[in-house]
Amino acid sequence: MFRDDDLISKVPAVTLGFWVIKILATTLGETGGDAVTMSWLHADQNAQNGGYLVGTAIFLTIFVAAVIAQISAKRFNPWVYWLSIVASTTVGTAMADFFDRSLGIGYIGGSLILITCVLGSLGAWYSTLGSVNVDTVTSPRAEIFYWMTIMFSQTLGTALGDWIADDTGLGYDGGALLFGAGLVVLAALYYLSTVSRVILFWTAFILTRPLGATIGDFLDKPVSHSGLALSRPLASLVLLAAIALLIAILPQRPGRHSVDWNSQPRTE
């Protein structure tokens, strides 16, 4: 029940259902992004053929259009919001692969650059609006910072997932277990400690991306690369259907931001 002194956020309340859909969306981002850049454009066979760049351009266009629709909406719309999230994960997949493979930056270099981008975005958001709490996303300016941070974090998650799976020897299943364990630790900190909820949220948000990336790679990569060799388009359609079903049946309510109106500046 919302009070009169609450502002309704344009993003969903953070619940267990939110995290389940987020993980599925990040997995779809990996299989869907790879379906375009690898299965269709064959960038996995030749990283210099322009496939990753073309895929990035396609998904970035969809992401920008979805975010414009999200910001233009007068109130929280779960379908538009989750479309924007899925679009951010697909563009993150293609962009990370373009930086890491086509430009030759590598997983570690790409991860360091993207961590800097995420921290820079959060820093600019905080210095401009005074908070990076997602419940304060009630204005177009806050939404711009929110979606910028999300795009950087989704791209970072792809680079981290590929680094752990490919360069450390853990493989896709081992990487998924590692990131899953990290989320369990964050959940324990949430319930058993006084660590900032904002810090825990953004850390968990970033970690769900490499978790989804490694799960997605485990599903569609060849058996010779420790994957299950499932069809990327088919896996993407199944994940998309699961996300749509969960959005339809799980309660989708906006977050709320309590405001002390007495402390707000007068406009008259």
# chains A, B, ... in the order shown; residues from 1 in each chain; ligands from 1
call {"tool": "closest_atom_pairs", "arguments": {"of": "region 136-183 of chain A", "to": "region 65-86 of chain A", "cutoff": "12 Å", "atoms": "only C-alpha atoms", "output": "JSON lines"}}
result
{"residue": "A:Val137", "atom": "CA", "partner": "A:Ile71", "partner_atom": "CA", "distance": 10.4}
{"residue": "A:Thr138", "atom": "CA", "partner": "A:Arg75", "partner_atom": "CA", "distance": 9.3}
{"residue": "A:Ser139", "atom": "CA", "partner": "A:Ile71", "partner_atom": "CA", "distance": 8.4}
{"residue": "A:Pro140", "atom": "CA", "partner": "A:Ile71", "partner_atom": "CA", "distance": 6.0}
{"residue": "A:Arg141", "atom": "CA", "partner": "A:Ile71", "partner_atom": "CA", "distance": 9.3}
{"residue": "A:Ala142", "atom": "CA", "partner": "A:Ile71", "partner_atom": "CA", "distance": 9.8}
{"residue": "A:Glu143", "atom": "CA", "partner": "A:Ile71", "partner_atom": "CA", "distance": 6.7}
{"residue": "A:Ile144", "atom": "CA", "partner": "A:Ile71", "partner_atom": "CA", "distance": 8.1}
{"residue": "A:Phe145", "atom": "CA", "partner": "A:Ile71", "partner_atom": "CA", "distance": 11.4}
{"residue": "A:Tyr146", "atom": "CA", "partner": "A:Val67", "partner_atom": "CA", "distance": 10.3}
{"residue": "A:Trp147", "atom": "CA", "partner": "A:Val67", "partner_atom": "CA", "distance": 7.4}
{"residue": "A:Met148", "atom": "CA", "partner": "A:Val67", "partner_atom": "CA", "distance": 9.9}
{"residue": "A:Thr149", "atom": "CA", "partner": "A:Ile85", "partner_atom": "CA", "distance": 11.7}
{"residue": "A:Ile150", "atom": "CA", "partner": "A:Ile85", "partner_atom": "CA", "distance": 8.1}
{"residue": "A:Met151", "atom": "CA", "partner": "A:Ile85", "partner_atom": "CA", "distance": 8.7}
{"residue": "A:Ser153", "atom": "CA", "partner": "A:Ile85", "partner_atom": "CA", "distance": 11.3}
{"residue": "A:Gln154", "atom": "CA", "partner": "A:Ile85", "partner_atom": "CA", "distance": 9.1}
call {"tool": "residues_around", "arguments": {"residues": "region 101-114 of chain A", "least_positions_apart": "5", "cutoff": "6 Å", "atoms": "only C-alpha atoms", "output": "JSON, numbers by chain"}}
result
{"A": [47, 48, 156, 159, 163]}
call {"tool": "write_last_selection", "arguments": {"atoms": "N, CA, C and O atoms", "output": "mmCIF file, in the first residue's frame"}}
result
data_model
loop_
_atom_site.group_PDB
_atom_site.id
_atom_site.type_symbol
_atom_site.label_atom_id
_atom_site.label_comp_id
_atom_site.auth_asym_id
_atom_site.auth_seq_id
_atom_site.Cartn_x
_atom_site.Cartn_y
_atom_site.Cartn_z
ATOM 1 N N ALA A 47 36.715 -13.105 -36.259
ATOM 2 C CA ALA A 47 36.349 -11.961 -35.418
ATOM 3 C C ALA A 47 36.528 -10.628 -36.131
ATOM 4 O O ALA A 47 36.057 -9.595 -35.643
ATOM 5 N N GLN A 48 37.185 -10.647 -37.300
ATOM 6 C CA GLN A 48 37.421 -9.413 -38.041
ATOM 7 C C GLN A 48 36.464 -9.241 -39.216
ATOM 8 O O GLN A 48 36.654 -8.337 -40.043
ATOM 9 N N LEU A 156 30.011 -5.461 -18.984
ATOM 10 C CA LEU A 156 31.032 -5.932 -18.053
ATOM 11 C C LEU A 156 30.798 -7.394 -17.684
ATOM 12 O O LEU A 156 31.735 -8.200 -17.654
ATOM 13 N N ALA A 159 32.047 -9.805 -20.328
ATOM 14 C CA ALA A 159 33.508 -9.924 -20.328
ATOM 15 C C ALA A 159 33.998 -10.742 -19.142
ATOM 16 O O ALA A 159 34.889 -11.591 -19.277
ATOM 17 N N TRP A 163 35.924 -14.344 -19.350
ATOM 18 C CA TRP A 163 37.253 -14.442 -18.733
ATOM 19 C C TRP A 163 37.332 -15.633 -17.788
ATOM 20 O O TRP A 163 38.253 -16.450 -17.870
#
call {"tool": "select_by_dssp", "arguments": {"residues": "region 83-239 of chain A", "states": "helix (DSSP H, G or I)", "output": "number ranges by chain"}}
result
A: 83-102, 106-129, 134-136, 140-167, 171-192, 197-220, 223-225, 232-239
call {"tool": "residues_around", "arguments": {"residues": "region 185-193 of chain A", "least_positions_apart": "5", "cutoff": "9 Å", "atoms": "only C-alpha atoms", "output": "list in words"}}
result
Gly180, Leu200, Phe201, Thr203 and Ala204 of chain A
call {"tool": "write_last_selection", "arguments": {"atoms": "N, CA, C and O atoms", "output": "compact mmCIF listing (two decimals), in the first residue's frame"}}
result
# COMPACT_ATOMS: atom_id res chain seq x y z
N GLY A 180 27.19 -18.15 -9.14
CA GLY A 180 26.04 -18.50 -8.31
C GLY A 180 26.40 -18.46 -6.84
O GLY A 180 25.62 -17.98 -6.00
N LEU A 200 24.86 -3.78 -2.21
CA LEU A 200 24.53 -5.19 -2.46
C LEU A 200 23.71 -5.34 -3.73
O LEU A 200 23.93 -6.28 -4.50
N PHE A 201 22.77 -4.42 -3.96
CA PHE A 201 21.95 -4.51 -5.17
C PHE A 201 22.81 -4.42 -6.42
O PHE A 201 22.70 -5.27 -7.32
N THR A 203 26.01 -4.84 -6.82
CA THR A 203 26.94 -5.97 -6.94
C THR A 203 26.21 -7.19 -7.46
O THR A 203 26.70 -7.90 -8.36
N ALA A 204 25.01 -7.46 -6.91
CA ALA A 204 24.22 -8.59 -7.37
C ALA A 204 23.78 -8.40 -8.82
O ALA A 204 23.79 -9.35 -9.62
call {"tool": "residues_around", "arguments": {"residues": "Gly227 (chain A)", "least_positions_apart": "5", "cutoff": "12 Å", "atoms": "only C-alpha atoms", "output": "list in words"}}
result
Ala165, Gly171, Tyr172, Asp173, Gly174, Thr214, Ile215, Gly216, Asp217, Phe218, Leu219, Asp220, Lys221, Pro222 and Arg232 of chain A
call {"tool": "residues_around", "arguments": {"residues": "Ala57 (chain A)", "least_positions_apart": "4", "cutoff": "12 Å", "atoms": "only C-alpha atoms", "output": "mmCIF file with C-alpha atoms, in the first residue's frame"}}
result
data_model
loop_
_atom_site.group_PDB
_atom_site.id
_atom_site.type_symbol
_atom_site.label_atom_id
_atom_site.label_comp_id
_atom_site.auth_asym_id
_atom_site.auth_seq_id
_atom_site.Cartn_x
_atom_site.Cartn_y
_atom_site.Cartn_z
ATOM 1 C CA GLY A 33 23.379 -12.164 -28.956
ATOM 2 C CA VAL A 36 22.960 -13.079 -34.335
ATOM 3 C CA THR A 37 26.724 -12.488 -34.194
ATOM 4 C CA GLY A 50 32.433 -7.178 -38.899
ATOM 5 C CA GLY A 51 29.881 -9.526 -37.356
ATOM 6 C CA TYR A 52 30.349 -8.337 -33.795
ATOM 7 C CA LEU A 53 30.194 -4.690 -34.894
ATOM 8 C CA THR A 61 19.421 0.437 -31.902
ATOM 9 C CA ILE A 62 16.846 -1.836 -30.249
ATOM 10 C CA PHE A 63 18.143 -0.907 -26.783
ATOM 11 C CA VAL A 64 17.960 2.845 -27.433
ATOM 12 C CA ALA A 87 17.911 -5.441 -25.081
ATOM 13 C CA THR A 90 22.033 -8.593 -26.004
ATOM 14 C CA VAL A 91 23.880 -5.372 -26.792
ATOM 15 C CA GLY A 92 26.177 -6.131 -23.848
ATOM 16 C CA THR A 93 27.008 -9.533 -25.323
ATOM 17 C CA ALA A 94 27.772 -8.201 -28.805
ATOM 18 C CA MET A 95 29.665 -5.140 -27.551
ATOM 19 C CA PHE A 98 33.556 -6.748 -30.232
#
call {"tool": "residues_around", "arguments": {"residues": "Leu24 (chain A)", "least_positions_apart": "2", "cutoff": "12 Å", "atoms": "only C-alpha atoms", "output": "tab-separated table (two decimals) with C-alpha atoms, in the first residue's frame"}}
result
chain	number	residue	atom	x	y	z
A	17	GLY	CA	10.79	-12.76	-8.85
A	18	PHE	CA	12.83	-9.79	-10.09
A	19	TRP	CA	16.07	-11.74	-9.70
A	20	VAL	CA	14.67	-14.89	-11.36
A	21	ILE	CA	13.56	-12.91	-14.42
A	22	LYS	CA	16.84	-10.97	-14.45
A	26	THR	CA	20.86	-12.30	-18.97
A	27	THR	CA	20.94	-15.90	-20.20
A	28	LEU	CA	18.73	-14.89	-23.14
A	29	GLY	CA	21.09	-12.00	-23.80
A	30	GLU	CA	23.94	-14.45	-24.29
A	31	THR	CA	22.11	-16.98	-26.47
A	32	GLY	CA	20.27	-14.27	-28.42
A	82	TRP	CA	11.91	-6.07	-19.27
A	85	ILE	CA	16.62	-5.22	-19.86
A	86	VAL	CA	16.74	-7.97	-22.49
A	89	THR	CA	21.89	-7.88	-22.27
A	208	THR	CA	23.77	-11.98	-12.42
A	209	ARG	CA	25.09	-11.03	-15.85
A	210	PRO	CA	28.17	-13.32	-15.91
A	211	LEU	CA	26.01	-16.01	-14.30
A	212	GLY	CA	23.55	-15.77	-17.18
A	213	ALA	CA	26.39	-15.49	-19.70
A	214	THR	CA	28.09	-18.68	-18.52
A	215	ILE	CA	24.76	-20.55	-18.38
A	216	GLY	CA	23.94	-19.36	-21.90
A	235	ALA	CA	17.28	-21.82	-26.65
A	236	SER	CA	16.56	-18.10	-27.05
A	237	LEU	CA	12.90	-18.72	-27.91
A	238	VAL	CA	12.46	-21.01	-24.90
A	239	LEU	CA	14.05	-18.44	-22.59
A	240	LEU	CA	11.93	-15.65	-24.10
A	241	ALA	CA	8.75	-17.68	-23.54
A	242	ALA	CA	9.76	-18.39	-19.92
A	243	ILE	CA	10.40	-14.68	-19.28
A	244	ALA	CA	7.06	-13.67	-20.81
A	245	LEU	CA	5.25	-16.29	-18.71
A	246	LEU	CA	6.88	-15.10	-15.49
A	247	ILE	CA	6.12	-11.45	-16.26
call {"tool": "select_by_dssp", "arguments": {"residues": "region 32-263 of chain A", "states": "strand (DSSP E)", "output": "list of chain:residue names"}}
result
A:Pro254, A:Gly255, A:Arg256, A:His257, A:Ser258
call {"tool": "closest_residue", "arguments": {"among": "A:Val198, A:Ile23, A:Leu228, A:Ala96", "to": "Leu183 (chain A)", "atoms": "only C-alpha atoms"}}
result
A:Ile23
call {"tool": "atom_distance", "arguments": {"atom1": "CA of Asp97 (chain A)", "atom2": "CA of Val11 (chain A)"}}
result
28.2 Å
call {"tool": "atom_distance", "arguments": {"atom1": "CA of Leu234 (chain A)", "atom2": "CA of Thr158 (chain A)"}}
result
20.7 Å
call {"tool": "atom_distance", "arguments": {"atom1": "CA of Thr168 (chain A)", "atom2": "CA of Phe205 (chain A)"}}
result
22.6 Å
call {"tool": "closest_residue", "arguments": {"among": "A:Asp100, A:Asp135, A:Asp34, A:Asp166", "to": "His225 (chain A)", "atoms": "only C-alpha atoms"}}
result
A:Asp166
